[in-house]
>>> print(open('run.tsv').read())   # TSV, C-alpha atoms
chain	number	residue	atom	x	y	z
A	1	MET	CA	-37.83	6.80	7.67
A	2	ILE	CA	-36.25	10.25	7.86
A	3	SER	CA	-32.48	10.22	7.27
A	4	SER	CA	-30.04	12.76	8.71
A	5	PHE	CA	-29.69	14.12	5.18
A	6	PHE	CA	-28.80	17.66	6.21
A	7	GLY	CA	-26.68	16.35	9.08
A	8	LYS	CA	-28.55	18.11	11.88
A	9	LYS	CA	-27.27	15.78	14.60
A	10	ARG	CA	-23.57	16.46	13.98
A	11	THR	CA	-21.40	18.07	16.67
A	12	LEU	CA	-17.84	17.23	15.53
A	13	PRO	CA	-15.63	19.12	13.07
A	14	VAL	CA	-15.89	17.44	9.67
A	15	LEU	CA	-13.68	17.05	6.62
A	16	GLY	CA	-15.23	18.26	3.38
A	17	VAL	CA	-14.91	15.39	0.88
A	18	ASP	CA	-15.90	15.93	-2.75
A	19	ILE	CA	-16.10	12.71	-4.78
A	20	SER	CA	-16.16	13.74	-8.44
A	21	SER	CA	-15.84	11.63	-11.58
A	22	SER	CA	-12.05	12.05	-11.75
A	23	SER	CA	-10.78	12.66	-8.21
A	24	VAL	CA	-11.37	12.84	-4.49
A	25	LYS	CA	-10.82	16.28	-2.93
A	26	LEU	CA	-10.48	16.57	0.83
A	27	LEU	CA	-10.40	19.83	2.82
A	28	GLU	CA	-10.16	20.57	6.55
A	29	LEU	CA	-10.92	24.06	7.85
A	30	SER	CA	-10.70	25.70	11.26
A	31	ARG	CA	-12.16	29.06	12.23
A	32	SER	CA	-11.30	31.75	14.74
A	33	GLY	CA	-13.87	34.55	14.78
A	34	ASP	CA	-14.48	35.37	11.11
A	35	GLN	CA	-11.09	34.08	9.97
A	36	TYR	CA	-10.89	30.63	8.37
A	37	ARG	CA	-7.73	28.60	8.11
A	38	VAL	CA	-6.93	25.64	5.85
A	39	GLU	CA	-5.56	22.96	8.18
A	40	SER	CA	-5.11	20.21	5.60
A	41	TYR	CA	-6.12	19.28	2.09
A	42	ALA	CA	-5.45	16.64	-0.53
A	43	VAL	CA	-6.48	15.73	-4.06
A	44	ALA	CA	-6.18	12.13	-5.27
A	45	SER	CA	-7.06	10.85	-8.77
A	46	LEU	CA	-9.68	8.16	-9.26
A	47	PRO	CA	-9.23	5.30	-11.73
A	48	PRO	CA	-11.29	5.61	-14.93
A	49	ASN	CA	-14.98	4.68	-14.51
A	50	ALA	CA	-14.82	4.30	-10.71
A	51	VAL	CA	-17.36	7.15	-10.66
A	52	VAL	CA	-19.59	7.60	-13.72
A	53	GLU	CA	-21.65	10.79	-14.03
A	54	LYS	CA	-21.31	11.36	-10.26
A	55	ASN	CA	-22.56	7.86	-9.41
A	56	ILE	CA	-20.08	5.56	-7.65
A	57	ALA	CA	-19.66	2.43	-9.79
A	58	GLU	CA	-16.72	0.84	-7.93
A	59	VAL	CA	-17.04	1.33	-4.17
A	60	GLU	CA	-13.76	-0.41	-3.28
A	61	ALA	CA	-11.74	1.63	-5.79
A	62	VAL	CA	-13.20	4.86	-4.40
A	63	ALA	CA	-12.48	3.69	-0.84
A	64	ASP	CA	-8.82	3.10	-1.76
A	65	VAL	CA	-8.51	6.64	-3.13
A	66	LEU	CA	-10.29	8.08	-0.07
A	67	ARG	CA	-7.72	6.29	2.10
A	68	THR	CA	-4.90	7.73	-0.03
A	69	ALA	CA	-6.29	11.29	0.16
A	70	HIS	CA	-6.78	11.05	3.92
A	71	GLY	CA	-3.18	9.82	4.34
A	72	ARG	CA	-1.81	12.62	2.18
A	73	ALA	CA	-3.73	15.25	4.13
A	74	LYS	CA	-2.17	14.05	7.41
A	75	THR	CA	-5.32	14.90	9.34
A	76	LYS	CA	-6.56	13.13	12.45
A	77	ILE	CA	-10.21	13.93	11.76
A	78	LYS	CA	-12.24	10.96	10.54
A	79	ALA	CA	-15.70	12.59	10.46
A	80	VAL	CA	-16.75	13.54	6.94
A	81	ALA	CA	-19.30	15.67	5.12
A	82	VAL	CA	-19.99	14.40	1.60
A	83	ALA	CA	-22.45	15.47	-1.11
A	84	VAL	CA	-24.70	13.96	-3.74
A	85	ALA	CA	-25.26	15.62	-7.12
A	86	GLY	CA	-28.19	17.99	-7.42
A	87	SER	CA	-29.59	15.90	-10.27
A	88	ALA	CA	-30.00	13.00	-7.82
A	89	VAL	CA	-32.06	15.06	-5.38
A	90	ILE	CA	-35.68	16.19	-5.37
A	91	THR	CA	-36.36	19.26	-3.25
A	92	LYS	CA	-39.72	20.81	-2.44
A	93	LEU	CA	-40.82	23.67	-0.23
A	94	ILE	CA	-43.91	22.84	1.82
A	95	ASP	CA	-45.81	24.73	4.52
A	96	MET	CA	-46.36	23.07	7.90
A	97	PRO	CA	-47.88	24.23	11.21
A	98	SER	CA	-45.45	26.28	13.32
A	99	GLY	CA	-44.92	25.35	16.93
A	100	ILE	CA	-44.98	21.58	16.49
A	101	THR	CA	-41.95	19.62	17.65
A	102	ASP	CA	-39.33	18.23	15.25
A	103	ASP	CA	-40.52	14.71	16.11
A	104	ALA	CA	-44.14	15.56	15.29
A	105	MET	CA	-43.04	17.25	12.05
A	106	GLU	CA	-40.93	14.19	11.16
A	107	THR	CA	-43.94	11.90	11.72
A	108	GLN	CA	-46.23	14.08	9.62
A	109	ILE	CA	-43.70	14.36	6.77
A	110	SER	CA	-43.18	10.57	6.79
A	111	LEU	CA	-46.94	10.07	6.44
A	112	GLU	CA	-47.35	12.64	3.66
A	113	ALA	CA	-44.05	12.28	1.78
A	114	ASP	CA	-45.48	10.03	-0.93
A	115	GLN	CA	-47.44	13.07	-2.19
A	116	TYR	CA	-44.17	14.79	-3.08
A	117	ILE	CA	-41.72	11.98	-3.91
A	118	PRO	CA	-42.15	9.92	-7.12
A	119	TYR	CA	-40.23	6.90	-5.74
A	120	PRO	CA	-41.18	4.18	-3.25
A	121	LEU	CA	-40.31	5.66	0.16
A	122	ASP	CA	-38.27	2.62	1.21
A	123	GLU	CA	-35.86	3.47	-1.66
A	124	VAL	CA	-35.42	7.09	-0.58
A	125	ALA	CA	-33.23	9.01	1.88
A	126	LEU	CA	-35.42	11.84	3.12
A	127	ASP	CA	-34.80	14.86	5.33
A	128	PHE	CA	-36.23	18.29	6.05
A	129	GLU	CA	-35.04	21.68	7.28
A	130	ILE	CA	-37.17	24.58	8.53
A	131	GLN	CA	-36.47	27.67	6.41
A	132	GLY	CA	-38.48	30.25	8.39
A	133	PRO	CA	-42.00	31.68	8.57
A	134	SER	CA	-44.32	30.92	5.65
A	135	VAL	CA	-44.94	33.83	3.28
A	136	ASN	CA	-48.49	32.54	2.75
A	137	ASN	CA	-49.60	31.94	6.34
A	138	PRO	CA	-48.20	33.45	9.57
A	139	ASP	CA	-49.28	30.34	11.51
A	140	GLN	CA	-47.09	28.08	9.38
A	141	VAL	CA	-43.40	27.61	8.63
A	142	GLU	CA	-41.74	26.95	5.30
A	143	VAL	CA	-40.00	23.56	5.30
A	144	LEU	CA	-37.45	22.39	2.71
A	145	LEU	CA	-37.99	18.71	1.97
A	146	ALA	CA	-35.07	16.89	0.29
A	147	ALA	CA	-35.18	13.35	-1.05
A	148	CYS	CA	-32.53	11.27	-2.78
A	149	ARG	CA	-32.51	7.70	-4.05
A	150	ARG	CA	-31.02	5.74	-1.17
A	151	GLU	CA	-28.50	4.02	-3.48
A	152	ASN	CA	-26.83	7.41	-4.18
A	153	VAL	CA	-26.35	7.99	-0.47
A	154	ASP	CA	-25.51	4.38	0.41
A	155	SER	CA	-22.69	4.08	-2.15
A	156	ARG	CA	-20.96	7.14	-0.67
A	157	VAL	CA	-21.48	5.93	2.89
A	158	ASP	CA	-20.17	2.45	1.95
A	159	ALA	CA	-17.01	3.89	0.35
A	160	LEU	CA	-16.33	6.09	3.40
A	161	ASP	CA	-16.93	3.17	5.78
A	162	LEU	CA	-14.50	1.00	3.80
A	163	ALA	CA	-11.92	3.79	4.00
A	164	GLU	CA	-12.43	3.84	7.79
A	165	LEU	CA	-13.93	7.32	7.67
A	166	SER	CA	-17.14	8.29	9.42
A	167	PRO	CA	-19.90	9.90	7.32
A	168	LYS	CA	-21.65	12.53	9.45
A	169	VAL	CA	-23.32	14.74	6.83
A	170	VAL	CA	-24.76	13.98	3.41
A	171	ASP	CA	-25.34	17.31	1.70
A	172	VAL	CA	-26.35	18.40	-1.81
A	173	GLU	CA	-23.62	19.76	-4.10
A	174	ALA	CA	-25.61	22.90	-4.98
A	175	TYR	CA	-25.99	23.80	-1.29
A	176	ALA	CA	-22.26	23.23	-0.70
A	177	VAL	CA	-21.44	25.56	-3.62
A	178	GLU	CA	-23.86	28.18	-2.23
A	179	ARG	CA	-22.13	27.99	1.17
A	180	ALA	CA	-18.65	28.38	-0.38
A	181	PHE	CA	-19.93	31.25	-2.53
A	182	LYS	CA	-20.47	33.28	0.65
A	183	LEU	CA	-16.66	33.38	0.95
A	184	CYS	CA	-16.39	34.70	-2.62
A	185	GLN	CA	-19.05	37.38	-2.13
A	186	SER	CA	-16.77	39.71	-0.17
A	187	GLN	CA	-14.20	39.59	-3.00
A	188	PHE	CA	-16.60	41.21	-5.48
A	189	ASP	CA	-19.01	44.11	-5.49
A	190	TYR	CA	-22.24	42.12	-5.14
A	191	ASP	CA	-25.50	43.40	-3.72
A	192	GLU	CA	-28.76	41.67	-2.75
A	193	GLU	CA	-30.00	41.72	-6.33
A	194	SER	CA	-26.79	40.48	-8.00
A	195	VAL	CA	-27.32	37.53	-10.36
A	196	VAL	CA	-24.18	35.38	-10.36
A	197	ALA	CA	-23.62	32.32	-12.55
A	198	ILE	CA	-21.15	29.79	-11.12
A	199	VAL	CA	-19.98	27.45	-13.88
A	200	ASP	CA	-18.17	24.42	-12.43
A	201	ILE	CA	-16.33	22.62	-15.22
A	202	GLY	CA	-15.03	19.26	-14.01
A	203	ALA	CA	-13.58	16.28	-15.84
A	204	THR	CA	-16.84	15.00	-17.29
A	205	MET	CA	-19.62	17.27	-15.98
A	206	THR	CA	-20.31	20.98	-16.17
A	207	THR	CA	-22.69	22.35	-13.56
A	208	LEU	CA	-24.30	25.77	-13.77
A	209	SER	CA	-25.57	27.26	-10.49
A	210	VAL	CA	-27.26	30.65	-10.62
A	211	LEU	CA	-27.47	32.60	-7.37
A	212	VAL	CA	-29.53	35.71	-6.74
A	213	GLY	CA	-28.61	37.60	-3.58
A	214	GLY	CA	-26.48	34.60	-2.58
A	215	ASN	CA	-29.36	32.07	-2.85
A	216	THR	CA	-29.49	29.34	-5.48
A	217	VAL	CA	-32.37	29.79	-7.92
A	218	TYR	CA	-31.28	27.39	-10.68
A	219	THR	CA	-28.92	24.47	-11.25
A	220	ARG	CA	-28.27	22.39	-14.35
A	221	GLU	CA	-25.75	19.67	-15.12
A	222	GLN	CA	-24.55	18.63	-18.54
A	223	LEU	CA	-22.05	16.11	-19.84
A	224	PHE	CA	-19.00	18.12	-20.81
A	225	GLY	CA	-15.60	18.55	-19.20
A	226	GLY	CA	-11.83	18.57	-19.25
A	227	ARG	CA	-11.62	14.89	-20.12
A	228	GLN	CA	-12.59	15.78	-23.68
A	229	LEU	CA	-9.37	17.78	-23.99
A	230	THR	CA	-7.36	14.89	-22.50
A	231	GLU	CA	-8.93	12.45	-24.97
A	232	GLU	CA	-8.17	14.73	-27.92
A	233	ILE	CA	-4.52	15.01	-26.79
A	234	GLN	CA	-4.42	11.21	-26.53
A	235	ARG	CA	-5.90	10.72	-29.98
A	236	ARG	CA	-3.82	13.32	-31.77
A	237	TYR	CA	-0.44	12.57	-30.23
A	238	GLY	CA	-0.74	8.82	-29.53
A	239	LEU	CA	-0.39	9.12	-25.75
A	240	THR	CA	-1.83	7.09	-22.87
A	241	VAL	CA	-4.47	8.67	-20.61
A	242	GLU	CA	-1.82	9.28	-17.93
A	243	GLU	CA	0.65	10.82	-20.40
A	244	ALA	CA	-2.04	13.04	-21.92
A	245	GLY	CA	-3.22	14.22	-18.49
A	246	LEU	CA	0.35	15.04	-17.48
A	247	ALA	CA	1.13	16.83	-20.75
A	248	LYS	CA	-2.05	18.90	-20.39
A	249	LYS	CA	-0.84	20.17	-17.00
A	250	GLN	CA	2.92	20.38	-17.52
A	251	GLY	CA	3.24	21.25	-21.21
A	252	GLY	CA	5.78	19.83	-23.65
A	253	LEU	CA	3.29	19.10	-26.44
A	254	PRO	CA	4.06	19.86	-30.13
A	255	ASP	CA	3.83	23.39	-31.50
A	256	ASP	CA	0.44	22.82	-33.12
A	257	TYR	CA	-1.20	21.92	-29.77
A	258	GLU	CA	-2.39	25.39	-28.85
A	259	HIS	CA	-3.88	26.27	-32.23
A	260	ASP	CA	-5.27	22.85	-33.24
A	261	VAL	CA	-6.33	21.37	-29.89
A	262	LEU	CA	-6.43	23.86	-27.00
A	263	ASP	CA	-8.13	26.78	-28.76
A	264	PRO	CA	-10.98	24.61	-30.16
A	265	PHE	CA	-11.51	23.19	-26.65
A	266	LYS	CA	-11.74	26.70	-25.18
A	267	ASP	CA	-14.26	27.57	-27.90
A	268	ALA	CA	-16.28	24.50	-26.89
A	269	VAL	CA	-16.22	25.66	-23.23
A	270	VAL	CA	-17.60	29.05	-24.25
A	271	GLN	CA	-20.34	27.32	-26.29
A	272	GLN	CA	-21.30	25.13	-23.32
A	273	ILE	CA	-21.51	28.13	-20.98
A	274	THR	CA	-23.58	30.05	-23.55
A	275	ARG	CA	-25.94	27.09	-23.98
A	276	SER	CA	-26.32	26.57	-20.21
A	277	LEU	CA	-27.14	30.23	-19.69
A	278	GLN	CA	-29.68	30.15	-22.53
A	279	PHE	CA	-31.46	27.25	-20.79
A	280	PHE	CA	-31.54	29.35	-17.61
A	281	PHE	CA	-32.88	32.45	-19.37
A	282	SER	CA	-35.58	30.47	-21.18
A	283	SER	CA	-36.85	28.91	-17.93
A	284	SER	CA	-36.70	31.97	-15.65
A	285	GLN	CA	-37.59	35.66	-15.43
A	286	TYR	CA	-33.95	36.62	-16.04
A	287	ASN	CA	-32.33	37.47	-19.36
A	288	ASP	CA	-28.87	38.41	-18.10
A	289	VAL	CA	-26.37	37.69	-15.33
A	290	ASP	CA	-24.15	40.25	-13.60
A	291	HIS	CA	-21.09	38.06	-13.12
A	292	ILE	CA	-19.78	34.65	-14.18
A	293	LEU	CA	-17.56	32.73	-11.76
A	294	LEU	CA	-15.62	29.83	-13.26
A	295	ALA	CA	-14.95	26.88	-10.95
A	296	GLY	CA	-13.71	23.31	-11.34
A	297	GLY	CA	-10.47	21.92	-12.71
A	298	VAL	CA	-10.81	23.62	-16.11
A	299	ALA	CA	-11.46	27.09	-14.63
A	300	SER	CA	-7.84	28.14	-14.14
A	301	MET	CA	-6.83	27.32	-17.73
A	302	ALA	CA	-4.76	30.27	-18.96
A	303	GLY	CA	-6.82	32.83	-20.84
A	304	LEU	CA	-10.18	31.05	-20.39
A	305	SER	CA	-11.89	33.60	-18.12
A	306	GLU	CA	-10.78	36.42	-20.42
A	307	LEU	CA	-12.16	34.57	-23.45
A	308	VAL	CA	-15.53	33.94	-21.76
A	309	GLN	CA	-15.75	37.61	-20.75
A	310	GLU	CA	-14.88	38.78	-24.26
A	311	ARG	CA	-17.34	36.46	-26.04
A	312	LEU	CA	-20.28	36.81	-23.62
A	313	GLY	CA	-19.76	40.44	-22.63
A	314	THR	CA	-20.17	39.57	-18.95
A	315	VAL	CA	-17.57	40.16	-16.24
A	316	THR	CA	-15.92	36.75	-15.63
A	317	SER	CA	-13.60	35.68	-12.81
A	318	VAL	CA	-12.06	32.47	-11.51
A	319	ALA	CA	-13.61	31.37	-8.21
A	320	ASN	CA	-11.35	31.05	-5.19
A	321	PRO	CA	-13.25	30.50	-1.93
A	322	LEU	CA	-9.94	30.14	-0.07
A	323	ALA	CA	-8.46	33.49	-1.20
A	324	ARG	CA	-8.68	35.18	2.20
A	325	MET	CA	-7.95	32.16	4.37
A	326	ALA	CA	-4.84	31.58	6.42
A	327	VAL	CA	-2.96	28.40	5.51
A	328	ALA	CA	-1.34	25.98	7.98
A	329	SER	CA	2.41	25.56	7.55
A	330	ARG	CA	2.09	21.87	6.63
A	331	VAL	CA	-0.12	22.72	3.62
A	332	ASP	CA	1.53	23.30	0.23
A	333	ALA	CA	0.19	26.82	-0.36
A	334	ALA	CA	1.18	26.90	-4.06
A	335	ALA	CA	-0.60	23.60	-4.81
A	336	LEU	CA	-3.63	24.76	-2.79
A	337	SER	CA	-3.84	28.01	-4.76
A	338	ASN	CA	-3.70	26.05	-8.03
A	339	ASP	CA	-6.46	23.66	-6.91
A	340	ALA	CA	-8.65	26.31	-5.23
A	341	PRO	CA	-11.16	26.76	-8.13
A	342	SER	CA	-11.93	23.01	-7.98
A	343	LEU	CA	-12.47	23.06	-4.20
A	344	MET	CA	-15.82	24.90	-4.09
A	345	ILE	CA	-17.81	21.80	-3.12
A	346	ALA	CA	-15.17	20.50	-0.68
A	347	CYS	CA	-14.99	23.96	0.91
A	348	GLY	CA	-18.77	24.25	1.28
A	349	LEU	CA	-18.81	20.79	2.88
A	350	ALA	CA	-15.95	21.59	5.26
A	351	MET	CA	-17.91	24.69	6.37
A	352	ARG	CA	-20.54	22.34	7.82
A	353	SER	CA	-18.19	22.15	10.83
A	354	PHE	CA	-19.40	25.61	11.83
A	355	ASP	CA	-23.17	25.33	11.41
>>> encode(input="run.tsv", output="structure tokens")
Amino acid sequence: MISSFFGKKRTLPVLGVDISSSSVKLLELSRSGDQYRVESYAVASLPPNAVVEKNIAEVEAVADVLRTAHGRAKTKIKAVAVAVAGSAVITKLIDMPSGITDDAMETQISLEADQYIPYPLDEVALDFEIQGPSVNNPDQVEVLLAACRRENVDSRVDALDLAELSPKVVDVEAYAVERAFKLCQSQFDYDEESVVAIVDIGATMTTLSVLVGGNTVYTREQLFGGRQLTEEIQRRYGLTVEEAGLAKKQGGLPDDYEHDVLDPFKDAVVQQITRSLQFFFSSSQYNDVDHILLAGGVASMAGLSELVQERLGTVTSVANPLARMAVASRVDAAALSNDAPSLMIACGLAMRSFD
């Protein structure tokens, strides 16, 4: 059965909801002409291990936090776009006859999908999207086939249902980042050949997305994130997780913190970025990138982008897809600006309202 994986049948405005390993981020956008406006947003922390490596382990706990975030945002919209991690999704470009109806294409893909998908089809959420004419055959179209283990989709849908929210779109994180990147493009001097590495450093996962001319050509996830800094603060100073997380954000730690804890963590971030880029270079035709954009909760750490630029010799900036948006009066603009680098996925999902 074909699922509405890309959300083609949606007509309502949707909230972008990013469920990461440490928090739920919710964003509502409106648009007038080319001008976007942030109507509401909220970030709410998840309890430890409710989401493990982007898989929901405790549906009810996630539902509670979704309810909290929705209440904080003070939005009336219940329709939601959510995403699954790229590592959970298999995508394949296939050629199909042009001119056939969507229903006929759906039937043909259902019959042939087992050629492309290494899982039993009853365990898979499957969808397709026509990309345009085939480069190989003018009588065919290029079709993007996307498949995800149904459990990855179902756990997100179940959590949203429990929170009394209505899942309308299940997207892929890499595509959401690519969509949000379009808002960053105008901030920098990119051209059609620009190779841009977006490094999203979250609490437990770091995701590298490489875009060429605004299109994703490579993604890779690895286990590394800001939680390692929190855990080191805990260990060194005898604090609880909550105390360590708060101290990391608000300061007040002993004098040796910066030299003995923070600087080694920044060095580890640079090493992870270097390693991720090396994997990309070794598996592609590229041996350099033109620009590094840092995203995620770790991105806005003071001095980090400068350190990455200095060590790697590549221009490095902190991503802010909301930089040129208007902000509704009920939204805390200062908090939004602080959280903006971690809202790439939520922003890309919220932009599904305007497809």
>>> closest_residue(input="run.tsv", among="A:Ala44, A:Leu66, A:Ala88, A:Val270", to="Ala299 of chain A", atoms="all atoms listed in the file")
A:Val270
>>> closest_residue(input="run.tsv", among="A:Val124, A:Leu160, A:Ile130, A:Leu29", to="Val65 of chain A", atoms="all atoms listed in the file")
A:Leu160
>>> closest_residue(input="run.tsv", among="A:Ile100, A:Leu312, A:Val170, A:Leu165", to="Leu126 of chain A", atoms="all atoms listed in the file")
A:Val170
>>> atom_distance(input="run.tsv", atom1="atom CA of Met96 of chain A", atom2="atom CA of Gln115 of chain A")
14.2 Å
>>> closest_residue(input="run.tsv", among="A:Gln309, A:Asn136, A:Thr206, A:Ser317", to="Gln187 of chain A", atoms="only C-alpha atoms")
A:Ser317
>>> residues_around(input="run.tsv", residues="segment 56-63 of chain A", least_positions_apart="5", cutoff="12 Å", atoms="only C-alpha atoms", output="MDAnalysis selection string")
chainID A and resid 17:25 44:51 68:70 84:85 151:165
>>> residues_near_point(input="run.tsv", point="(-14.3, 25.4, 7.3)", cutoff="9 Å", atoms="only C-alpha atoms", output="list in words")
Pro13, Val14, Leu15, Gly16, Leu27, Glu28, Leu29, Ser30, Arg31, Tyr36, Arg37, Val38, Cys347, Gly348, Leu349, Ala350, Met351, Arg352, Ser353 and Phe354 of chain A
>>> atom_distance(input="run.tsv", atom1="atom CA of Met301 of chain A", atom2="atom CA of Asp260 of chain A")
16.2 Å
>>> atom_distance(input="run.tsv", atom1="atom CA of Ser186 of chain A", atom2="atom CA of Glu306 of chain A")
21.4 Å
>>> closest_residue(input="run.tsv", among="A:Pro321, A:Gly225, A:Pro97, A:Gly303", to="Asp200 of chain A", atoms="only C-alpha atoms")
A:Gly225
>>> closest_residue(input="run.tsv", among="A:Val210, A:Leu277, A:Leu229, A:Leu246", to="Phe265 of chain A", atoms="all atoms listed in the file")
A:Leu229
>>> closest_atom_pairs(input="run.tsv", of="segment 105-188 of chain A", to="segment 89-94 of chain A", cutoff="12 Å", atoms="all atoms listed in the file", output="CSV")
residue,atom,partner,partner_atom,distance
A:Met105,CA,A:Ile94,CA,11.7
A:Gln108,CA,A:Ile94,CA,12.0
A:Ile109,CA,A:Ile94,CA,9.8
A:Glu112,CA,A:Ile94,CA,10.9
A:Ala113,CA,A:Lys92,CA,10.5
A:Gln115,CA,A:Lys92,CA,10.9
A:Tyr116,CA,A:Lys92,CA,7.5
A:Ile117,CA,A:Ile90,CA,7.5
A:Pro118,CA,A:Ile90,CA,9.2
A:Tyr119,CA,A:Ile90,CA,10.4
A:Val124,CA,A:Val89,CA,9.9
A:Ala125,CA,A:Val89,CA,9.5
A:Leu126,CA,A:Ile90,CA,9.5
A:Asp127,CA,A:Thr91,CA,9.8
A:Phe128,CA,A:Thr91,CA,9.4
A:Glu129,CA,A:Leu93,CA,9.7
A:Ile130,CA,A:Leu93,CA,9.5
A:Gln131,CA,A:Leu93,CA,8.9
A:Gly132,CA,A:Leu93,CA,11.1
A:Pro133,CA,A:Ile94,CA,11.3
A:Ser134,CA,A:Ile94,CA,9.0
A:Val135,CA,A:Ile94,CA,11.1
A:Asn136,CA,A:Ile94,CA,10.8
A:Asn137,CA,A:Ile94,CA,11.6
A:Gln140,CA,A:Ile94,CA,9.7
A:Val141,CA,A:Ile94,CA,8.3
A:Glu142,CA,A:Ile94,CA,5.8
A:Val143,CA,A:Ile94,CA,5.3
A:Leu144,CA,A:Leu93,CA,4.7
A:Leu145,CA,A:Lys92,CA,5.2
A:Ala146,CA,A:Thr91,CA,4.5
A:Ala147,CA,A:Ile90,CA,5.2
A:Cys148,CA,A:Val89,CA,4.6
A:Arg149,CA,A:Val89,CA,7.5
A:Arg150,CA,A:Val89,CA,10.3
A:Glu151,CA,A:Val89,CA,11.8
A:Asn152,CA,A:Val89,CA,9.3
A:Val153,CA,A:Val89,CA,10.3
A:Val170,CA,A:Val89,CA,11.5
A:Asp171,CA,A:Val89,CA,10.0
A:Val172,CA,A:Val89,CA,7.5
A:Glu173,CA,A:Val89,CA,9.7
A:Ala174,CA,A:Val89,CA,10.2
A:Tyr175,CA,A:Val89,CA,11.4
>>> residues_around(input="run.tsv", residues="Leu293 of chain A", least_positions_apart="4", cutoff="8 Å", atoms="only C-alpha atoms", output="PyMOL selection string")
chain A and resi 196-199+316-319
>>> write_last_selection(input="run.tsv", atoms="C-alpha atoms", output="mmCIF file, in the coordinates of the input")
data_model
loop_
_atom_site.group_PDB
_atom_site.id
_atom_site.type_symbol
_atom_site.label_atom_id
_atom_site.label_comp_id
_atom_site.auth_asym_id
_atom_site.auth_seq_id
_atom_site.Cartn_x
_atom_site.Cartn_y
_atom_site.Cartn_z
ATOM 1 C CA VAL A 196 -24.180 35.380 -10.360
ATOM 2 C CA ALA A 197 -23.620 32.320 -12.550
ATOM 3 C CA ILE A 198 -21.150 29.790 -11.120
ATOM 4 C CA VAL A 199 -19.980 27.450 -13.880
ATOM 5 C CA THR A 316 -15.920 36.750 -15.630
ATOM 6 C CA SER A 317 -13.600 35.680 -12.810
ATOM 7 C CA VAL A 318 -12.060 32.470 -11.510
ATOM 8 C CA ALA A 319 -13.610 31.370 -8.210
#
>>> axis_aligned_box(input="run.tsv", around="segment 278-288 of chain A", padding_each_side="6 Å", output="lines of an AutoDock Vina configuration file")
center_x = -33.2
center_y = 32.8
center_z = -19.0
size_x = 20.7
size_y = 23.2
size_z = 19.1
>>> residues_around(input="run.tsv", residues="Gly313 of chain A", least_positions_apart="4", cutoff="12 Å", atoms="all atoms listed in the file", output="MDAnalysis selection string")
chainID A and resid 270 274 288:292 305:309
>>> residues_near_point(input="run.tsv", point="(-17.2, 17.6, -19.2)", cutoff="7 Å", atoms="only C-alpha atoms", output="list in words")
Ile201, Gly202, Ala203, Thr204, Met205, Thr206, Leu223, Phe224, Gly225, Gly226, Arg227 and Gln228 of chain A
